[in-house]
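Next up, input-v1.pdb (PDB, C-alpha atoms):
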ATOM      1  CA  MET A   1      -0.071  -8.371 -38.021
ATOM      2  CA  PRO A   2      -2.143  -6.090 -35.747
ATOM      3  CA  ASP A   3      -0.386  -3.694 -33.397
ATOM      4  CA  LEU A   4      -1.005  -5.042 -29.881
ATOM      5  CA  SER A   5       0.617  -2.168 -27.997
ATOM      6  CA  THR A   6      -1.228  -0.253 -25.305
ATOM      7  CA  THR A   7      -0.520   2.391 -22.696
ATOM      8  CA  TYR A   8      -1.052   1.736 -18.999
ATOM      9  CA  LEU A   9      -0.172   4.121 -16.138
ATOM     10  CA  GLY A  10       1.774   6.162 -18.663
ATOM     11  CA  LEU A  11       3.905   3.105 -19.509
ATOM     12  CA  SER A  12       4.145   1.892 -23.098
ATOM     13  CA  LEU A  13       3.418  -1.844 -23.177
ATOM     14  CA  LYS A  14       3.902  -4.250 -26.076
ATOM     15  CA  ASN A  15       0.491  -5.841 -25.470
ATOM     16  CA  PRO A  16      -2.377  -5.691 -22.936
ATOM     17  CA  LEU A  17      -1.622  -8.908 -20.981
ATOM     18  CA  VAL A  18      -0.128  -8.325 -17.528
ATOM     19  CA  PRO A  19       0.321 -11.006 -14.852
ATOM     20  CA  SER A  20      -1.404  -9.747 -11.736
ATOM     21  CA  SER A  21      -0.206  -9.984  -8.155
ATOM     22  CA  THR A  22       0.518 -13.672  -7.431
ATOM     23  CA  PRO A  23       3.134 -15.721  -5.531
ATOM     24  CA  LEU A  24       4.802 -16.384  -8.904
ATOM     25  CA  SER A  25       6.721 -13.121  -8.596
ATOM     26  CA  HIS A  26       8.653 -14.584  -5.646
ATOM     27  CA  ASP A  27      10.508 -16.735  -8.188
ATOM     28  CA  LEU A  28      12.781 -14.964 -10.675
ATOM     29  CA  ASP A  29      12.728 -17.912 -13.082
ATOM     30  CA  ALA A  30       8.910 -17.969 -13.093
ATOM     31  CA  VAL A  31       8.798 -14.271 -13.952
ATOM     32  CA  LEU A  32      11.374 -14.730 -16.715
ATOM     33  CA  HIS A  33       9.190 -17.490 -18.181
ATOM     34  CA  LEU A  34       6.181 -15.154 -18.065
ATOM     35  CA  GLU A  35       8.170 -12.511 -19.929
ATOM     36  CA  ASP A  36       9.208 -15.114 -22.521
ATOM     37  CA  ALA A  37       5.534 -16.091 -22.914
ATOM     38  CA  GLY A  38       4.681 -12.484 -23.807
ATOM     39  CA  ALA A  39       3.867 -10.703 -20.532
ATOM     40  CA  ALA A  40       3.942  -6.945 -21.141
ATOM     41  CA  ALA A  41       4.645  -6.037 -17.490
ATOM     42  CA  ILE A  42       4.571  -7.785 -14.117
ATOM     43  CA  VAL A  43       2.654  -6.864 -10.963
ATOM     44  CA  MET A  44       4.530  -8.246  -7.982
ATOM     45  CA  HIS A  45       3.032 -10.099  -5.040
ATOM     46  CA  SER A  46       1.720  -7.759  -2.356
ATOM     47  CA  LEU A  47       3.794  -6.565   0.551
ATOM     48  CA  PHE A  48       1.450  -6.404   3.542
ATOM     49  CA  GLU A  49       1.833  -3.537   5.954
ATOM     50  CA  GLU A  50       0.985  -5.876   8.846
ATOM     51  CA  ASP A  51       3.928  -8.144   7.992
ATOM     52  CA  VAL A  52       6.331  -5.199   7.903
ATOM     53  CA  ARG A  53       5.093  -3.912  11.253
ATOM     54  CA  HIS A  54       5.375  -7.383  12.792
ATOM     55  CA  ASP A  55       8.988  -7.659  11.615
ATOM     56  CA  GLU A  56       9.774  -4.232  13.042
ATOM     57  CA  GLN A  57       8.298  -5.181  16.400
ATOM     58  CA  MET A  58      10.260  -8.428  16.503
ATOM     59  CA  ILE A  59      13.518  -6.670  15.615
ATOM     60  CA  ASP A  60      12.867  -4.020  18.237
ATOM     61  CA  ARG A  61      12.098  -6.629  20.872
ATOM     62  CA  PHE A  62      14.941  -9.048  20.278
ATOM     63  CA  LEU A  63      17.714  -6.964  18.736
ATOM     64  CA  VAL A  64      17.251  -3.373  19.849
ATOM     65  CA  HIS A  65      15.761  -3.944  23.315
ATOM     66  CA  PRO A  66      16.459  -7.611  24.191
ATOM     67  CA  ASP A  67      14.633  -8.758  27.311
ATOM     68  CA  THR A  68      16.421 -12.053  27.709
ATOM     69  CA  PHE A  69      19.605 -13.349  29.336
ATOM     70  CA  GLY A  70      22.812 -13.330  27.319
ATOM     71  CA  GLU A  71      23.188 -17.123  27.385
ATOM     72  CA  ALA A  72      19.758 -17.461  25.721
ATOM     73  CA  THR A  73      20.626 -15.434  22.622
ATOM     74  CA  GLY A  74      21.182 -18.618  20.658
ATOM     75  CA  HIS A  75      17.469 -19.326  20.945
ATOM     76  CA  LEU A  76      16.315 -16.010  19.453
ATOM     77  CA  PRO A  77      14.013 -16.341  16.414
ATOM     78  CA  PHE A  78      16.648 -14.699  14.196
ATOM     79  CA  GLY A  79      20.197 -13.403  14.308
ATOM     80  CA  HIS A  80      21.728 -10.037  13.572
ATOM     81  CA  ASP A  81      21.854 -10.934   9.856
ATOM     82  CA  TYR A  82      18.058 -11.350   9.793
ATOM     83  CA  GLN A  83      16.440 -10.045   6.617
ATOM     84  CA  SER A  84      12.978  -8.567   7.040
ATOM     85  CA  ARG A  85      10.179  -9.076   4.561
ATOM     86  CA  LEU A  86      10.564  -5.463   3.490
ATOM     87  CA  ASP A  87      14.265  -6.016   2.765
ATOM     88  CA  SER A  88      13.444  -9.176   0.797
ATOM     89  CA  TYR A  89      10.747  -7.370  -1.181
ATOM     90  CA  LEU A  90      12.996  -4.452  -2.080
ATOM     91  CA  GLU A  91      15.761  -6.836  -3.140
ATOM     92  CA  GLN A  92      13.284  -8.710  -5.348
ATOM     93  CA  ILE A  93      12.316  -5.439  -7.060
ATOM     94  CA  GLN A  94      15.983  -4.793  -7.786
ATOM     95  CA  ARG A  95      16.522  -8.369  -8.957
ATOM     96  CA  LEU A  96      13.562  -8.234 -11.344
ATOM     97  CA  LYS A  97      14.563  -4.830 -12.690
ATOM     98  CA  SER A  98      18.075  -6.097 -13.432
ATOM     99  CA  ARG A  99      16.819  -9.088 -15.455
ATOM    100  CA  LEU A 100      13.561  -8.005 -17.096
ATOM    101  CA  ALA A 101      12.982  -5.800 -20.115
ATOM    102  CA  ILE A 102       9.349  -5.149 -19.089
ATOM    103  CA  PRO A 103       8.035  -2.759 -16.398
ATOM    104  CA  VAL A 104       7.820  -3.932 -12.798
ATOM    105  CA  VAL A 105       4.822  -2.777 -10.739
ATOM    106  CA  ALA A 106       5.217  -3.133  -6.980
ATOM    107  CA  SER A 107       2.114  -4.032  -4.961
ATOM    108  CA  LEU A 108       1.386  -2.666  -1.507
ATOM    109  CA  ASN A 109      -1.440  -3.760   0.761
ATOM    110  CA  GLY A 110      -1.808  -1.285   3.598
ATOM    111  CA  SER A 111      -4.259   0.969   5.360
ATOM    112  CA  SER A 112      -2.280   3.454   7.472
ATOM    113  CA  LEU A 113      -0.517   6.667   6.539
ATOM    114  CA  SER A 114       2.929   5.299   7.389
ATOM    115  CA  GLY A 115       2.116   2.033   5.653
ATOM    116  CA  TRP A 116       1.437   3.608   2.274
ATOM    117  CA  VAL A 117       3.739   6.610   2.376
ATOM    118  CA  GLU A 118       6.929   5.165   3.827
ATOM    119  CA  LEU A 119       6.697   1.783   2.127
ATOM    120  CA  GLY A 120       5.728   3.341  -1.189
ATOM    121  CA  LYS A 121       8.760   5.597  -0.998
ATOM    122  CA  GLU A 122      10.998   2.575  -0.364
ATOM    123  CA  MET A 123       9.548   0.717  -3.360
ATOM    124  CA  GLN A 124      10.182   3.660  -5.647
ATOM    125  CA  GLY A 125      13.729   3.865  -4.356
ATOM    126  CA  ALA A 126      14.259   0.182  -5.168
ATOM    127  CA  GLY A 127      13.398   0.854  -8.812
ATOM    128  CA  ALA A 128       9.700   0.000  -9.236
ATOM    129  CA  ASP A 129       8.223   1.519 -12.389
ATOM    130  CA  ALA A 130       4.797   1.981 -10.759
ATOM    131  CA  LEU A 131       2.865   1.173  -7.597
ATOM    132  CA  GLU A 132      -0.389  -0.715  -7.211
ATOM    133  CA  LEU A 133      -2.111   0.102  -3.934
ATOM    134  CA  ASN A 134      -4.455  -2.588  -2.715
ATOM    135  CA  ALA A 135      -7.292  -0.590  -1.123
ATOM    136  CA  TRP A 136      -8.633  -3.453   0.973
ATOM    137  CA  TYR A 137     -10.730  -2.596   3.998
ATOM    138  CA  MET A 138     -13.449  -4.602   5.706
ATOM    139  CA  PRO A 139     -16.032  -2.075   6.998
ATOM    140  CA  SER A 140     -17.347  -4.137   9.902
ATOM    141  CA  ASP A 141     -17.808  -1.227  12.333
ATOM    142  CA  PRO A 142     -21.350   0.233  11.963
ATOM    143  CA  LYS A 143     -20.126   3.567  13.337
ATOM    144  CA  ILE A 144     -17.809   4.158  10.361
ATOM    145  CA  SER A 145     -19.555   5.814   7.410
ATOM    146  CA  CYS A 146     -18.859   5.198   3.741
ATOM    147  CA  GLU A 147     -17.691   8.814   3.449
ATOM    148  CA  ALA A 148     -15.109   8.247   6.195
ATOM    149  CA  ILE A 149     -13.714   5.189   4.423
ATOM    150  CA  GLU A 150     -13.473   6.993   1.094
ATOM    151  CA  ASP A 151     -11.899  10.090   2.665
ATOM    152  CA  HIS A 152      -9.348   7.878   4.402
ATOM    153  CA  HIS A 153      -8.226   6.288   1.126
ATOM    154  CA  VAL A 154      -8.109   9.634  -0.665
ATOM    155  CA  SER A 155      -6.033  11.209   2.123
ATOM    156  CA  LEU A 156      -3.541   8.345   2.057
ATOM    157  CA  LEU A 157      -3.185   8.630  -1.704
ATOM    158  CA  GLN A 158      -2.646  12.390  -1.492
ATOM    159  CA  GLU A 159       0.084  11.948   1.110
ATOM    160  CA  LEU A 160       1.775   9.220  -0.905
ATOM    161  CA  LYS A 161       1.833  11.392  -4.019
ATOM    162  CA  THR A 162       3.814  14.023  -2.110
ATOM    163  CA  VAL A 163       6.772  11.610  -1.785
ATOM    164  CA  VAL A 164       6.651   9.430  -4.924
ATOM    165  CA  SER A 165       6.807  10.454  -8.560
ATOM    166  CA  ILE A 166       6.119   7.077 -10.197
ATOM    167  CA  PRO A 167       2.561   6.302 -11.355
ATOM    168  CA  VAL A 168       0.175   4.997  -8.695
ATOM    169  CA  SER A 169      -2.777   2.716  -9.391
ATOM    170  CA  MET A 170      -5.423   1.732  -6.865
ATOM    171  CA  LYS A 171      -6.863  -1.772  -6.806
ATOM    172  CA  LEU A 172     -10.457  -1.301  -5.706
ATOM    173  CA  SER A 173     -13.174  -3.494  -4.286
ATOM    174  CA  PRO A 174     -16.632  -3.476  -5.889
ATOM    175  CA  PHE A 175     -18.246  -2.376  -2.624
ATOM    176  CA  PHE A 176     -18.045   1.421  -2.857
ATOM    177  CA  SER A 177     -21.542   2.844  -2.728
ATOM    178  CA  SER A 178     -20.897   5.186  -5.679
ATOM    179  CA  LEU A 179     -17.922   3.863  -7.587
ATOM    180  CA  PRO A 180     -17.793   6.583 -10.303
ATOM    181  CA  HIS A 181     -17.762   9.304  -7.627
ATOM    182  CA  PHE A 182     -14.933   7.616  -5.722
ATOM    183  CA  VAL A 183     -12.965   7.075  -8.934
ATOM    184  CA  HIS A 184     -13.310  10.806  -9.647
ATOM    185  CA  GLN A 185     -12.006  11.569  -6.146
ATOM    186  CA  ILE A 186      -8.868   9.466  -6.482
ATOM    187  CA  GLU A 187      -8.243  10.846  -9.956
ATOM    188  CA  MET A 188      -8.244  14.350  -8.478
ATOM    189  CA  ALA A 189      -5.941  13.100  -5.685
ATOM    190  CA  GLY A 190      -3.274  12.024  -8.171
ATOM    191  CA  ALA A 191      -3.940   8.396  -9.084
ATOM    192  CA  ALA A 192      -2.811   7.294 -12.531
ATOM    193  CA  GLY A 193      -5.092   4.273 -12.792
ATOM    194  CA  ILE A 194      -7.422   1.796 -11.162
ATOM    195  CA  SER A 195      -7.650  -1.967 -11.193
ATOM    196  CA  LEU A 196     -11.134  -3.511 -11.077
ATOM    197  CA  PHE A 197     -11.730  -5.528  -8.996
ATOM    198  CA  ASN A 198      -9.959  -6.769  -5.917
ATOM    199  CA  ARG A 199     -11.045 -10.382  -5.461
ATOM    200  CA  PHE A 200     -11.283 -11.371  -1.802
ATOM    201  CA  PHE A 201     -10.669 -14.821  -0.400
ATOM    202  CA  GLN A 202     -13.698 -15.410   1.776
ATOM    203  CA  PRO A 203     -13.537 -17.370   5.045
ATOM    204  CA  ASP A 204     -15.499 -20.611   5.135
ATOM    205  CA  ILE A 205     -16.935 -22.766   7.929
ATOM    206  CA  ASP A 206     -15.876 -26.384   8.331
ATOM    207  CA  LEU A 207     -18.989 -28.303   9.387
ATOM    208  CA  GLU A 208     -16.947 -31.181  10.827
ATOM    209  CA  THR A 209     -14.703 -29.148  13.109
ATOM    210  CA  LEU A 210     -17.022 -26.133  13.483
ATOM    211  CA  SER A 211     -14.103 -23.849  12.789
ATOM    212  CA  VAL A 212     -13.499 -20.955  10.420
ATOM    213  CA  VAL A 213     -11.108 -21.939   7.631
ATOM    214  CA  ASP A 214      -9.356 -20.038   4.873
ATOM    215  CA  ARG A 215      -9.342 -21.571   1.423
ATOM    216  CA  VAL A 216      -7.862 -20.250  -1.791
ATOM    217  CA  GLN A 217     -10.613 -19.976  -4.389
ATOM    218  CA  LEU A 218      -9.294 -19.413  -7.887
ATOM    219  CA  SER A 219     -11.411 -17.444 -10.336
ATOM    220  CA  SER A 220     -13.393 -18.548 -13.376
ATOM    221  CA  SER A 221     -14.300 -16.694 -16.563
ATOM    222  CA  ALA A 222     -17.694 -15.835 -15.070
ATOM    223  CA  ASP A 223     -15.906 -13.515 -12.631
ATOM    224  CA  THR A 224     -15.062 -11.102 -15.459
ATOM    225  CA  LEU A 225     -18.603  -9.805 -15.884
ATOM    226  CA  LEU A 226     -18.693  -7.405 -12.937
ATOM    227  CA  ALA A 227     -15.426  -5.713 -13.874
ATOM    228  CA  MET A 228     -16.374  -5.637 -17.570
ATOM    229  CA  ARG A 229     -19.602  -3.806 -16.790
ATOM    230  CA  TRP A 230     -17.952  -1.157 -14.618
ATOM    231  CA  ILE A 231     -15.073  -0.631 -17.017
ATOM    232  CA  ALA A 232     -17.621  -0.041 -19.787
ATOM    233  CA  ILE A 233     -19.376   2.525 -17.595
ATOM    234  CA  LEU A 234     -16.174   4.296 -16.519
ATOM    235  CA  ARG A 235     -14.501   4.436 -19.942
ATOM    236  CA  GLY A 236     -14.943   7.982 -21.142
ATOM    237  CA  SER A 237     -15.846   9.422 -17.736
ATOM    238  CA  THR A 238     -12.286   9.252 -16.378
ATOM    239  CA  LYS A 239      -8.794   9.703 -17.787
ATOM    240  CA  LEU A 240      -7.405   7.054 -15.446
ATOM    241  CA  SER A 241      -5.872   3.903 -16.903
ATOM    242  CA  LEU A 242      -8.236   0.968 -16.474
ATOM    243  CA  ALA A 243      -7.048  -2.532 -15.633
ATOM    244  CA  ALA A 244      -9.395  -5.504 -15.654
ATOM    245  CA  THR A 245      -8.533  -8.113 -13.067
ATOM    246  CA  GLY A 246     -10.282 -11.294 -11.995
ATOM    247  CA  GLY A 247     -11.412 -14.119 -14.230
ATOM    248  CA  VAL A 248      -9.319 -13.548 -17.368
ATOM    249  CA  HIS A 249      -8.598 -17.124 -18.473
ATOM    250  CA  THR A 250      -9.117 -17.030 -22.241
ATOM    251  CA  ALA A 251      -8.610 -14.746 -25.223
ATOM    252  CA  GLU A 252     -12.372 -14.190 -25.242
ATOM    253  CA  ASP A 253     -12.226 -12.917 -21.648
ATOM    254  CA  ALA A 254      -9.403 -10.486 -22.428
ATOM    255  CA  LEU A 255     -10.975  -9.250 -25.675
ATOM    256  CA  LYS A 256     -14.286  -8.490 -23.964
ATOM    257  CA  MET A 257     -12.460  -6.442 -21.341
ATOM    258  CA  LEU A 258     -10.642  -4.455 -24.035
ATOM    259  CA  LEU A 259     -13.830  -3.873 -26.011
ATOM    260  CA  ALA A 260     -15.442  -2.566 -22.823
ATOM    261  CA  GLY A 261     -12.567  -0.125 -22.387
ATOM    262  CA  ALA A 262      -9.784  -1.748 -20.359
ATOM    263  CA  ASP A 263      -6.218  -0.718 -21.151
ATOM    264  CA  VAL A 264      -4.809  -3.999 -19.852
ATOM    265  CA  ALA A 265      -6.141  -7.367 -18.756
ATOM    266  CA  HIS A 266      -4.557  -8.854 -15.655
ATOM    267  CA  MET A 267      -4.101 -12.608 -15.406
ATOM    268  CA  ALA A 268      -3.596 -14.579 -12.198
ATOM    269  CA  SER A 269      -5.640 -17.751 -11.645
ATOM    270  CA  ALA A 270      -5.059 -18.979 -15.209
ATOM    271  CA  LEU A 271      -1.308 -18.696 -14.665
ATOM    272  CA  LEU A 272      -1.493 -20.512 -11.338
ATOM    273  CA  LYS A 273      -3.512 -23.305 -12.938
ATOM    274  CA  ARG A 274      -1.669 -23.713 -16.251
ATOM    275  CA  GLY A 275       1.634 -21.865 -15.970
ATOM    276  CA  PRO A 276       3.184 -19.239 -18.285
ATOM    277  CA  GLN A 277       1.954 -21.089 -21.382
ATOM    278  CA  ALA A 278      -1.565 -19.873 -20.558
ATOM    279  CA  LEU A 279      -0.494 -16.305 -21.249
ATOM    280  CA  GLY A 280       1.167 -17.247 -24.522
ATOM    281  CA  GLU A 281      -1.938 -19.126 -25.669
ATOM    282  CA  VAL A 282      -4.229 -16.201 -24.824
ATOM    283  CA  LEU A 283      -1.942 -13.743 -26.600
ATOM    284  CA  ALA A 284      -1.783 -15.874 -29.753
ATOM    285  CA  ALA A 285      -5.555 -16.336 -29.846
ATOM    286  CA  MET A 286      -6.126 -12.595 -29.348
ATOM    287  CA  THR A 287      -3.795 -11.828 -32.231
ATOM    288  CA  ARG A 288      -5.684 -14.236 -34.500
ATOM    289  CA  TRP A 289      -9.039 -12.729 -33.539
ATOM    290  CA  LEU A 290      -7.879  -9.188 -34.302
ATOM    291  CA  ASP A 291      -6.308 -10.270 -37.569
ATOM    292  CA  GLU A 292      -9.365 -12.211 -38.735
ATOM    293  CA  ARG A 293     -11.613  -9.211 -38.083
ATOM    294  CA  GLU A 294      -9.163  -6.823 -39.746
ATOM    295  CA  TYR A 295      -8.430  -4.748 -36.674
ATOM    296  CA  SER A 296      -5.181  -2.891 -37.255
ATOM    297  CA  SER A 297      -4.489  -2.411 -33.554
ATOM    298  CA  VAL A 298      -5.699  -2.887 -30.004
ATOM    299  CA  ALA A 299      -6.213   0.877 -29.855
ATOM    300  CA  GLN A 300      -8.779   0.629 -32.663
ATOM    301  CA  MET A 301     -11.018  -1.779 -30.768
ATOM    302  CA  LYS A 302     -10.379  -0.624 -27.190
ATOM    303  CA  GLY A 303     -13.508   0.888 -25.666
ATOM    304  CA  SER A 304     -15.545   0.469 -28.851
ATOM    305  CA  MET A 305     -18.263  -1.269 -26.841
ATOM    306  CA  SER A 306     -18.103   0.956 -23.762
ATOM    307  CA  GLN A 307     -21.252   2.656 -22.526
ATOM    308  CA  GLN A 308     -20.326   5.954 -24.199
ATOM    309  CA  ASN A 309     -20.001   4.205 -27.577
ATOM    310  CA  SER A 310     -22.989   1.916 -27.197
ATOM    311  CA  PRO A 311     -26.080   2.621 -29.337
ATOM    312  CA  ASN A 312     -28.074   1.554 -26.285
ATOM    313  CA  PRO A 313     -26.285   2.792 -23.133
ATOM    314  CA  SER A 314     -28.921   1.174 -20.920
ATOM    315  CA  ASP A 315     -27.348  -2.190 -21.802
ATOM    316  CA  PHE A 316     -24.872  -1.524 -18.996
ATOM    317  CA  ALA A 317     -27.423  -0.069 -16.587
ATOM    318  CA  ARG A 318     -30.558  -1.286 -14.796
ATOM    319  CA  ALA A 319     -32.369  -2.193 -18.019
ATOM    320  CA  SER A 320     -30.056  -5.158 -18.601
ATOM    321  CA  TYR A 321     -30.994  -6.534 -15.183
ATOM    322  CA  LEU A 322     -34.695  -6.322 -15.980
ATOM    323  CA  HIS A 323     -34.242  -7.834 -19.421
ATOM    324  CA  ALA A 324     -32.167 -10.747 -18.096
ATOM    325  CA  LEU A 325     -34.821 -11.664 -15.542
ATOM    326  CA  SER A 326     -37.764 -11.314 -17.911
ATOM    327  CA  SER A 327     -36.122 -13.330 -20.682
ATOM    328  CA  PHE A 328     -34.921 -16.227 -18.528
ATOM    329  CA  SER A 329     -36.511 -19.631 -19.140
ATOM    330  CA  PRO A 330     -35.976 -22.706 -16.908
ATOM    331  CA  PRO A 331     -34.029 -25.565 -18.503
ATOM    332  CA  ALA A 332     -36.121 -28.022 -20.497
ATOM    333  CA  GLY A 333     -37.141 -31.115 -18.569
ATOM    334  CA  VAL A 334     -37.030 -29.525 -15.110
ATOM    335  CA  LEU A 335     -40.304 -30.103 -13.266
ATOM    336  CA  TYR A 336     -41.730 -27.534 -10.834
TER     337      TYR A 336
END

Would you mind giving the structure from this file in structure tokens?
Amino acid sequence: MPDLSTTYLGLSLKNPLVPSSTPLSHDLDAVLHLEDAGAAAIVMHSLFEEDVRHDEQMIDRFLVHPDTFGEATGHLPFGHDYQSRLDSYLEQIQRLKSRLAIPVVASLNGSSLSGWVELGKEMQGAGADALELNAWYMPSDPKISCEAIEDHHVSLLQELKTVVSIPVSMKLSPFFSSLPHFVHQIEMAGAAGISLFNRFFQPDIDLETLSVVDRVQLSSSADTLLAMRWIAILRGSTKLSLAATGGVHTAEDALKMLLAGADVAHMASALLKRGPQALGEVLAAMTRWLDEREYSSVAQMKGSMSQQNSPNPSDFARASYLHALSSFSPPAGVLY
């Protein structure tokens, strides 16, 4: 039986499969089922800085500085026993830690200094084994440079690391103009790992109502290719832990990520579609694949097909783009 263990963010994991940030972590029973199916750790759903600030403003308005008549207090949106989303999140960390034997990674989606530093400190205090920072920012202002955005994220990370001692991973978008350079910056700033890539839910337009609508779009296996390529490029150029996220539905998806150099493969959409059994099926199929090919461990195969170990490093660079275009043939029977 091959040794499936891996190390991620300094944490020793029994295998490389980690449920990513999904609503499933709201439900203790769902998380326990994921652990039973073989999950090596759990990344919680994200706590959004905007939600925390909204709760604080509501509490300040209605409880600290009420601007209404006494007889109307029965119509307030909440009472004095109101539990904020931050309180609920911290309690869920404690609840999961008390019942699980696997590490719990808290997830924070924020963009301000107070959002990352104060909330990150609270999550550590609640018992989280690590933090995943969702570095989501939509650069819609043409006056803001790419350097300013990168410096902002690096500064926030540096400040956070002054108040927390647990490992911190950053979940990145694929839109940084020079990803290896930015990864080097956050490594120097104290990050322990990165997760590639943040998958955005894009707004759509309803042609009937002529309105902008939000729709949840689950991933497919094809979504793994971008992260696989960048993980292969980064493996060997950074000491950060590498997590592949987005599109891992099958054992083949996870194995490709590990061969490219990922330390763990995150799963989300597959779990939402098929439940905890999806993780168990992927884990069993991975074990069979390793055993059939006489791999003694995940460590033996991890990164063996990264760019630094490739006999033709250009396979992960521009040459692959040129080759793909020049070798493409239209399907048979299609008339032009």

_Selection near region 239-251 of chain A, 7 Å with all atoms listed in the file, sequence-local residues under 3 positions removed, as a PyMOL selection string_ = chain A and resi 8-9+187+192-197+199+219-224+227+254-255+257+262-267+270+282-283+285-286

*Would you mind reading off the distance between CA of Arg229 (chain A) and CA of Asp315 (chain A), one decimal, in Å?*
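CA of Asp315 (chain A) lies at a distance of 9.4 Å from CA of Arg229 (chain A).
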
*Interatomic distance, CA of Ser310 (chain A) to CA of Glu252 (chain A) (Å, one decimal)*: 19.4 Å

*Excluding Lys14 (chain A) and any residue of its chain fewer than 4 positions from it, enumerate the residues within 9 Å of it, using only C-alpha atoms, and give them as a PyMOL selection string.*
chain A and resi 3-7+38-41+102

_Pick from A:Pro313, A:Gly333, A:Pro180, A:Pro23 nearest to Val43 (chain A), counting only C-alpha atoms_ = A:Pro23

*Up to 7 Å from (4.4, -1.4, -4.0) in the file's coordinates: name the residues, counting all atoms listed in the file, as a list of chain:residue names.*
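The residues that fall inside the cut-off are A:Leu47, A:Val105, A:Ala106, A:Ser107, A:Leu108, A:Gly120, A:Met123, A:Leu131, A:Glu132, A:Leu133.
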
Dump of C-alpha atoms for the selected residues, as a tab-separated table (two decimals), in the frame of the given file:
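Output file result-v2.tsv follows:
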chain	number	residue	atom	x	y	z
A	47	LEU	CA	3.79	-6.56	0.55
A	105	VAL	CA	4.82	-2.78	-10.74
A	106	ALA	CA	5.22	-3.13	-6.98
A	107	SER	CA	2.11	-4.03	-4.96
A	108	LEU	CA	1.39	-2.67	-1.51
A	120	GLY	CA	5.73	3.34	-1.19
A	123	MET	CA	9.55	0.72	-3.36
A	131	LEU	CA	2.86	1.17	-7.60
A	132	GLU	CA	-0.39	-0.72	-7.21
A	133	LEU	CA	-2.11	0.10	-3.93
